[in-house]
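One structure is given here, and the rest of the page talks about it.
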Amino acid sequence: MKPLSRIVPPSLTMSLDQEAKRLLAGGRDIINLTAGQADLPMPAEGKAAVRAALEADRTGYVPAAGSADLKEAVRKKKGWTDGSILISAGAKPLLNAAAACVLGAGDEALLPVPCYTSYPEMIRLSGAVPVSVPCRPENGFCVTPDDLSAGLTPRTKALLLNHPTNPTGAVYARDALKGIVDFCIAHDLWLLADEVYGAFVYDGGFTSLYDFPEIRDRLILVDSASKTYAMAGLRLGYAVAPDAAAQAMAGYLSHAIGCPCSLSERAALAVLSVGDPYPAALRDVFHARRDRMRAALSDLPGVRVAGGDGAFYLWLDVTGIDPDDVRFCRRLLTEEGVALTPGSAFLAPGFVRLAYTKDASLLAEAANRIRRFCTD
Ligand code: PLP
């Protein structure tokens with residue numbers, strides 16, 4: 001049999017999540033803080049829209065890059081006045097499409113790390129090479145133009161930036177974003193931006209990269225309903241891109257994905273028209289949890305709590321307890337029944353990610369267990 005020419009490693013976050021679920025199914029008392037998705041229900045309007053679409057037999061294919069009415073709703077909601085809108089099965093296929101369309105064999109893409117687990121593979125799948133650029137703790141894990149310059153070569157074609165950031169929860173200030181925008185223009189780079197956590201910023205407001213008109217002709221900006229409307233499983237994402245890039249991406253999506261789910265499109269249309277109260281309420285829930293968890297873990301001996309200004313993650317430096325983050329997570333899971341994600345999954349060994357995507361009482365219990373683990 002022909003050998004597999006390329007093996008894509010599975011996401012480490014998913015495998016730990018699965019291990020925690022396996023232990024749970026076997027009767028262990030597990031608090032799983034690995035999964036990056038809200039534990040709260042999606043808006044009722046979205047559920048009703050799915051039921052109605054099903055009853056109306058809206059189960060056929062829709063256009064490859066999304067239906068016109070939803071694209072229009074996204075344009076209005078996001079204020080994406082320039083460029084073309086694309087809809088697909090979550091942010092992921094849109095990011096893959098963007099990478100596939102602007103990168104190719106021999107190209108390089110700058111990748112600030114720690115980063116979302118799928119990014120390096122998304123870049124590799126396009127044939128290009130991810131070039132890691134470390135984000136420094138003293139800059140709140142936000143990358144700077146100076147940091148990026150160190151990774152530049154004549155082959156650099158793009159920067160992939162996630163803001164607010166998974167796994168650190170870092171949020172870029174307007175000035176910091178402006179520096180990055182100028183850097184991309186000066187070095188003729190595409191800016192692939194992932195703002196799926198844009199609704200979850202707790203201290204001060206959120207600035208989108210779309211707010212800088214000068215970058216729009218080289219910006220592919222991806223967002224999705226997964227986090228904002230707690231409907232990750234329905235797989236519905238949206239993006240804005242310059243017209244020519246969007247056309248190429250639509251072609252890619254037609255072959256790789258087919259089209260978005262027809263029912264999820266109706267759900268998205270409904271939740272987008274609900275207005276801001278839903279994401280705002282979700283943000284308030286996460287904000288309160290973030291504050292409580294940060295306070296509960298702040299004085300842990302051997303642990304430093306970093307980041308956490310946005311998204312729904314805390315980023316813990318655990319080198320004072322165990323320099324091996326994977327071993328830290330395995331032991332914490334086995335001994336105390338708390339599942340966290342090792343920083344190695346995000347190219348940042350020595351750290352762990354805590355997703356506060358469980359209710360307050362479970363989080364309080366998890367904090368107690370982590371404290372016991374770190375102090376015993
Ligand atoms: N981008 C980031 C930074 C994420 O953390 C995630 C999911 O965890 C995704 C994209 C995937 O989003 P979607 O479910 O819309 O594909």
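Residues are named by chain letter and number: chains run A, B, ... in the order of the structure tokens, numbers start at 1 in each chain, and ligands are numbered from 1 in the order shown.
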
Expected answer as a ChimeraX atom specification: residues within 9 Å of ligand 1, only C-alpha atoms and all ligand atoms | /A:35-37,88-95,115-119,162-167,194-197,222-227,231-238,311

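The protein and nucleic acid residues lying at most 8 Å from Pro130 (chain A) are Glu108, Ala109, Leu110, Leu111, Pro120, Ile123 and Arg124 of chain A, with only C-alpha atoms considered and sequence neighbours fewer than 4 positions away removed.
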
When DSSP works through the backbone of this structure, what residues of region 11-206 of chain A end up as helix (DSSP H, G or I), shown as a PyMOL selection string?
-> chain A and resi 12-25+44-55+68-78+91-102+119-125+137-139+145-149+174-186

Writer output for current selection, C-alpha atoms, as an mmCIF file, in the first residue's frame:
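again-v3.cif was written with the following content:
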data_model
loop_
_atom_site.group_PDB
_atom_site.id
_atom_site.type_symbol
_atom_site.label_atom_id
_atom_site.label_comp_id
_atom_site.auth_asym_id
_atom_site.auth_seq_id
_atom_site.Cartn_x
_atom_site.Cartn_y
_atom_site.Cartn_z
ATOM 1 C CA LEU A 12 -3.674 18.220 21.173
ATOM 2 C CA THR A 13 -6.460 20.267 22.756
ATOM 3 C CA MET A 14 -9.036 17.906 21.312
ATOM 4 C CA SER A 15 -7.170 14.795 22.463
ATOM 5 C CA LEU A 16 -6.973 16.042 26.067
ATOM 6 C CA ASP A 17 -10.600 17.008 25.961
ATOM 7 C CA GLN A 18 -11.344 13.459 24.818
ATOM 8 C CA GLU A 19 -9.208 11.942 27.574
ATOM 9 C CA ALA A 20 -11.117 13.967 30.149
ATOM 10 C CA LYS A 21 -14.420 12.807 28.623
ATOM 11 C CA ARG A 22 -13.222 9.189 28.686
ATOM 12 C CA LEU A 23 -12.432 9.417 32.412
ATOM 13 C CA LEU A 24 -15.783 11.105 33.011
ATOM 14 C CA ALA A 25 -17.612 8.338 31.155
ATOM 15 C CA ALA A 44 -33.723 30.928 21.429
ATOM 16 C CA GLU A 45 -34.329 32.780 18.154
ATOM 17 C CA GLY A 46 -31.590 30.740 16.525
ATOM 18 C CA LYS A 47 -33.062 27.457 17.698
ATOM 19 C CA ALA A 48 -36.493 28.447 16.425
ATOM 20 C CA ALA A 49 -35.014 29.389 13.065
ATOM 21 C CA VAL A 50 -33.429 25.937 12.707
ATOM 22 C CA ARG A 51 -36.738 24.231 13.500
ATOM 23 C CA ALA A 52 -38.618 26.436 11.050
ATOM 24 C CA ALA A 53 -36.052 25.891 8.286
ATOM 25 C CA LEU A 54 -36.251 22.141 8.797
ATOM 26 C CA GLU A 55 -40.053 22.182 8.650
ATOM 27 C CA ALA A 68 -27.115 36.513 -0.164
ATOM 28 C CA ASP A 69 -29.466 37.446 2.710
ATOM 29 C CA LEU A 70 -27.031 36.197 5.348
ATOM 30 C CA LYS A 71 -24.074 37.896 3.680
ATOM 31 C CA GLU A 72 -26.026 41.131 3.727
ATOM 32 C CA ALA A 73 -26.923 40.672 7.403
ATOM 33 C CA VAL A 74 -23.259 40.044 8.244
ATOM 34 C CA ARG A 75 -22.163 43.106 6.291
ATOM 35 C CA LYS A 76 -24.645 45.264 8.202
ATOM 36 C CA LYS A 77 -23.978 43.761 11.604
ATOM 37 C CA LYS A 78 -20.188 43.910 11.338
ATOM 38 C CA ALA A 91 -13.987 30.240 11.039
ATOM 39 C CA LYS A 92 -11.694 27.302 10.354
ATOM 40 C CA PRO A 93 -12.500 26.663 6.691
ATOM 41 C CA LEU A 94 -12.354 30.388 6.040
ATOM 42 C CA LEU A 95 -8.888 30.575 7.588
ATOM 43 C CA ASN A 96 -7.815 27.550 5.565
ATOM 44 C CA ALA A 97 -9.214 29.128 2.420
ATOM 45 C CA ALA A 98 -7.407 32.394 3.159
ATOM 46 C CA ALA A 99 -4.090 30.610 3.724
ATOM 47 C CA ALA A 100 -4.548 28.466 0.622
ATOM 48 C CA CYS A 101 -5.288 31.503 -1.533
ATOM 49 C CA VAL A 102 -2.546 33.881 -0.431
ATOM 50 C CA TYR A 119 -2.641 27.690 12.795
ATOM 51 C CA PRO A 120 0.696 25.978 12.067
ATOM 52 C CA GLU A 121 -1.100 23.146 10.251
ATOM 53 C CA MET A 122 -3.338 25.545 8.333
ATOM 54 C CA ILE A 123 -0.232 27.298 7.027
ATOM 55 C CA ARG A 124 1.512 23.993 6.239
ATOM 56 C CA LEU A 125 -1.583 22.713 4.417
ATOM 57 C CA PRO A 137 5.192 38.257 28.569
ATOM 58 C CA GLU A 138 6.404 41.809 29.325
ATOM 59 C CA ASN A 139 4.257 42.996 26.384
ATOM 60 C CA PRO A 145 6.577 45.120 14.902
ATOM 61 C CA ASP A 146 10.101 44.665 16.329
ATOM 62 C CA ASP A 147 9.321 41.055 17.238
ATOM 63 C CA LEU A 148 7.879 40.483 13.768
ATOM 64 C CA SER A 149 10.896 42.030 12.030
ATOM 65 C CA ARG A 174 -5.465 50.386 19.151
ATOM 66 C CA ASP A 175 -1.884 51.712 19.029
ATOM 67 C CA ALA A 176 -0.445 48.209 18.978
ATOM 68 C CA LEU A 177 -2.766 47.249 16.115
ATOM 69 C CA LYS A 178 -1.812 50.374 14.184
ATOM 70 C CA GLY A 179 1.868 49.356 14.470
ATOM 71 C CA ILE A 180 1.034 45.937 13.050
ATOM 72 C CA VAL A 181 -1.060 47.418 10.241
ATOM 73 C CA ASP A 182 1.827 49.716 9.254
ATOM 74 C CA PHE A 183 4.263 46.805 9.434
ATOM 75 C CA CYS A 184 2.154 44.716 7.017
ATOM 76 C CA ILE A 185 1.846 47.614 4.572
ATOM 77 C CA ALA A 186 5.581 48.452 4.778
#

So how far away is CA of Leu159 (chain A) from CA of Leu191 (chain A), in Å?
-> 5.1 Å

Contacts of Thr168 (chain A) at 7 Å or less, counting only C-alpha atoms, minus same-chain residues fewer than 3 places along, as a list in words?
-> Thr165, Gly307, Gly308, Tyr313, Leu314 and Trp315 of chain A

Emit the selected residues as an mmCIF file, in the first residue's frame, including C-alpha atoms.
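Now in again_24.cif:
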data_model
loop_
_atom_site.group_PDB
_atom_site.id
_atom_site.type_symbol
_atom_site.label_atom_id
_atom_site.label_comp_id
_atom_site.auth_asym_id
_atom_site.auth_seq_id
_atom_site.Cartn_x
_atom_site.Cartn_y
_atom_site.Cartn_z
ATOM 1 C CA THR A 165 -5.914 35.743 21.540
ATOM 2 C CA GLY A 307 -3.202 37.412 30.210
ATOM 3 C CA GLY A 308 -6.941 37.035 30.455
ATOM 4 C CA TYR A 313 -8.988 31.792 28.910
ATOM 5 C CA LEU A 314 -6.461 32.302 31.671
ATOM 6 C CA TRP A 315 -2.832 31.614 30.868
#

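Residues lying within 9 Å of Gly337 (chain A), counting only C-alpha atoms and ignoring same-chain neighbours fewer than 4 positions away, are Ala20, Leu23, Arg28, Asp29, Ile30, Ile31, Asn32, Arg331, Leu332, Leu333, Ala366 and Arg369 of chain A.
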
Strand (DSSP E or B) positions in region 217-353 of chain A, given as a VMD selection string | chain A and resid 219 to 224 237 to 241 304 to 306 310 313 to 317 338 to 339 341 to 342 351 to 353

Got time to write the residues from that selection, N, CA and C atoms, as a PDB file, in the first residue's frame?
ATOM      1  N   LEU A 219      -6.324  42.798   3.866  1.00  0.00           N
ATOM      2  CA  LEU A 219      -6.839  42.186   5.099  1.00  0.00           C
ATOM      3  C   LEU A 219      -7.887  41.119   4.773  1.00  0.00           C
ATOM      4  N   ILE A 220      -7.680  39.925   5.286  1.00  0.00           N
ATOM      5  CA  ILE A 220      -8.745  38.915   5.255  1.00  0.00           C
ATOM      6  C   ILE A 220      -9.113  38.669   6.711  1.00  0.00           C
ATOM      7  N   LEU A 221     -10.310  39.086   7.059  1.00  0.00           N
ATOM      8  CA  LEU A 221     -10.738  39.096   8.461  1.00  0.00           C
ATOM      9  C   LEU A 221     -11.812  38.037   8.672  1.00  0.00           C
ATOM     10  N   VAL A 222     -11.555  37.167   9.633  1.00  0.00           N
ATOM     11  CA  VAL A 222     -12.452  36.033   9.872  1.00  0.00           C
ATOM     12  C   VAL A 222     -13.083  36.156  11.263  1.00  0.00           C
ATOM     13  N   ASP A 223     -14.364  35.831  11.325  1.00  0.00           N
ATOM     14  CA  ASP A 223     -15.105  35.841  12.586  1.00  0.00           C
ATOM     15  C   ASP A 223     -16.103  34.686  12.497  1.00  0.00           C
ATOM     16  N   SER A 224     -16.800  34.412  13.579  1.00  0.00           N
ATOM     17  CA  SER A 224     -17.784  33.330  13.469  1.00  0.00           C
ATOM     18  C   SER A 224     -18.832  33.430  14.569  1.00  0.00           C
ATOM     19  N   GLY A 237     -19.334  30.414  10.105  1.00  0.00           N
ATOM     20  CA  GLY A 237     -18.376  31.504  10.210  1.00  0.00           C
ATOM     21  C   GLY A 237     -18.550  32.488   9.076  1.00  0.00           C
ATOM     22  N   TYR A 238     -17.963  33.677   9.253  1.00  0.00           N
ATOM     23  CA  TYR A 238     -18.047  34.691   8.196  1.00  0.00           C
ATOM     24  C   TYR A 238     -16.735  35.446   8.097  1.00  0.00           C
ATOM     25  N   ALA A 239     -16.491  35.978   6.908  1.00  0.00           N
ATOM     26  CA  ALA A 239     -15.231  36.692   6.670  1.00  0.00           C
ATOM     27  C   ALA A 239     -15.469  37.815   5.695  1.00  0.00           C
ATOM     28  N   VAL A 240     -14.546  38.782   5.732  1.00  0.00           N
ATOM     29  CA  VAL A 240     -14.538  39.824   4.709  1.00  0.00           C
ATOM     30  C   VAL A 240     -13.147  39.829   4.095  1.00  0.00           C
ATOM     31  N   ALA A 241     -13.108  40.000   2.774  1.00  0.00           N
ATOM     32  CA  ALA A 241     -11.829  39.962   2.058  1.00  0.00           C
ATOM     33  C   ALA A 241     -11.927  40.874   0.844  1.00  0.00           C
ATOM     34  N   ARG A 304       2.076  31.635  38.001  1.00  0.00           N
ATOM     35  CA  ARG A 304       1.854  33.039  37.679  1.00  0.00           C
ATOM     36  C   ARG A 304       0.713  33.134  36.678  1.00  0.00           C
ATOM     37  N   VAL A 305      -0.314  33.886  37.054  1.00  0.00           N
ATOM     38  CA  VAL A 305      -1.465  34.037  36.161  1.00  0.00           C
ATOM     39  C   VAL A 305      -1.192  35.217  35.233  1.00  0.00           C
ATOM     40  N   ALA A 306      -1.252  34.958  33.913  1.00  0.00           N
ATOM     41  CA  ALA A 306      -0.982  36.032  32.947  1.00  0.00           C
ATOM     42  C   ALA A 306      -2.195  36.171  32.032  1.00  0.00           C
ATOM     43  N   GLY A 310      -9.175  39.141  27.521  1.00  0.00           N
ATOM     44  CA  GLY A 310     -10.286  38.831  26.625  1.00  0.00           C
ATOM     45  C   GLY A 310     -10.388  37.334  26.385  1.00  0.00           C
ATOM     46  N   TYR A 313     -10.116  32.595  28.454  1.00  0.00           N
ATOM     47  CA  TYR A 313      -8.988  31.792  28.910  1.00  0.00           C
ATOM     48  C   TYR A 313      -8.126  32.551  29.903  1.00  0.00           C
ATOM     49  N   LEU A 314      -7.569  31.796  30.871  1.00  0.00           N
ATOM     50  CA  LEU A 314      -6.461  32.302  31.671  1.00  0.00           C
ATOM     51  C   LEU A 314      -5.223  31.528  31.269  1.00  0.00           C
ATOM     52  N   TRP A 315      -4.094  32.179  31.348  1.00  0.00           N
ATOM     53  CA  TRP A 315      -2.832  31.614  30.868  1.00  0.00           C
ATOM     54  C   TRP A 315      -1.900  31.554  32.074  1.00  0.00           C
ATOM     55  N   LEU A 316      -1.534  30.353  32.472  1.00  0.00           N
ATOM     56  CA  LEU A 316      -0.790  30.170  33.715  1.00  0.00           C
ATOM     57  C   LEU A 316       0.624  29.678  33.435  1.00  0.00           C
ATOM     58  N   ASP A 317       1.587  30.388  33.995  1.00  0.00           N
ATOM     59  CA  ASP A 317       2.981  29.947  33.943  1.00  0.00           C
ATOM     60  C   ASP A 317       3.163  28.973  35.111  1.00  0.00           C
ATOM     61  N   VAL A 338      -8.892  17.561  37.336  1.00  0.00           N
ATOM     62  CA  VAL A 338      -9.102  18.838  36.632  1.00  0.00           C
ATOM     63  C   VAL A 338      -8.331  18.776  35.316  1.00  0.00           C
ATOM     64  N   ALA A 339      -9.032  19.034  34.221  1.00  0.00           N
ATOM     65  CA  ALA A 339      -8.380  18.992  32.906  1.00  0.00           C
ATOM     66  C   ALA A 339      -8.082  20.404  32.418  1.00  0.00           C
ATOM     67  N   THR A 341      -5.238  22.543  29.519  1.00  0.00           N
ATOM     68  CA  THR A 341      -4.531  22.239  28.274  1.00  0.00           C
ATOM     69  C   THR A 341      -3.076  22.678  28.372  1.00  0.00           C
ATOM     70  N   PRO A 342      -2.139  21.786  28.077  1.00  0.00           N
ATOM     71  CA  PRO A 342      -0.729  22.181  28.142  1.00  0.00           C
ATOM     72  C   PRO A 342      -0.387  23.252  27.116  1.00  0.00           C
ATOM     73  N   PHE A 351       3.634  26.616  30.115  1.00  0.00           N
ATOM     74  CA  PHE A 351       2.375  27.285  30.458  1.00  0.00           C
ATOM     75  C   PHE A 351       1.222  26.281  30.349  1.00  0.00           C
ATOM     76  N   VAL A 352       0.097  26.620  30.951  1.00  0.00           N
ATOM     77  CA  VAL A 352      -1.133  25.853  30.712  1.00  0.00           C
ATOM     78  C   VAL A 352      -2.281  26.835  30.489  1.00  0.00           C
ATOM     79  N   ARG A 353      -3.294  26.364  29.756  1.00  0.00           N
ATOM     80  CA  ARG A 353      -4.468  27.209  29.490  1.00  0.00           C
ATOM     81  C   ARG A 353      -5.654  26.701  30.276  1.00  0.00           C
TER      82      ARG A 353
END

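Considering only C-alpha atoms, the residue among A:Phe286, A:Phe141, A:Phe346, A:Phe328 positioned nearest to Phe373 (chain A) is A:Phe328.
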
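Between CA of Leu340 (chain A) and CA of Ala360 (chain A) the interatomic distance comes to 16.6 Å.
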
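Of the residues listed (A:Leu161, A:Met293, A:Leu354, A:Cys259), A:Leu161 shows the shortest atom-to-atom separation from Cys135 (chain A); distances use only C-alpha atoms.
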
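Counting only C-alpha atoms, the residue from A:Arg218, A:Arg266, A:His287, A:Arg330 that sits nearest to Ala246 (chain A) is A:Arg218.
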
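Picture a line from CA of Ala199 (chain A) to CA of Leu272 (chain A); it runs 12.9 Å.
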
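Among the candidate residues A:Asp107, A:Arg289, A:Gly343, A:Met249, the one lying nearest to Ile87 (chain A) is A:Met249, with distances computed using only C-alpha atoms.
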
Which polymer residues have any atom within 7 Å of an atom of Leu103 (chain A), counting only C-alpha atoms, with same-chain residues fewer than 5 positions away left out, as a ChimeraX atom specification?
-> /A:126,128,157

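Comparing A:Arg290, A:Arg216, A:His187, A:Arg155 by their smallest distance to Ala364 (chain A), the closest is A:Arg290 (using only C-alpha atoms).
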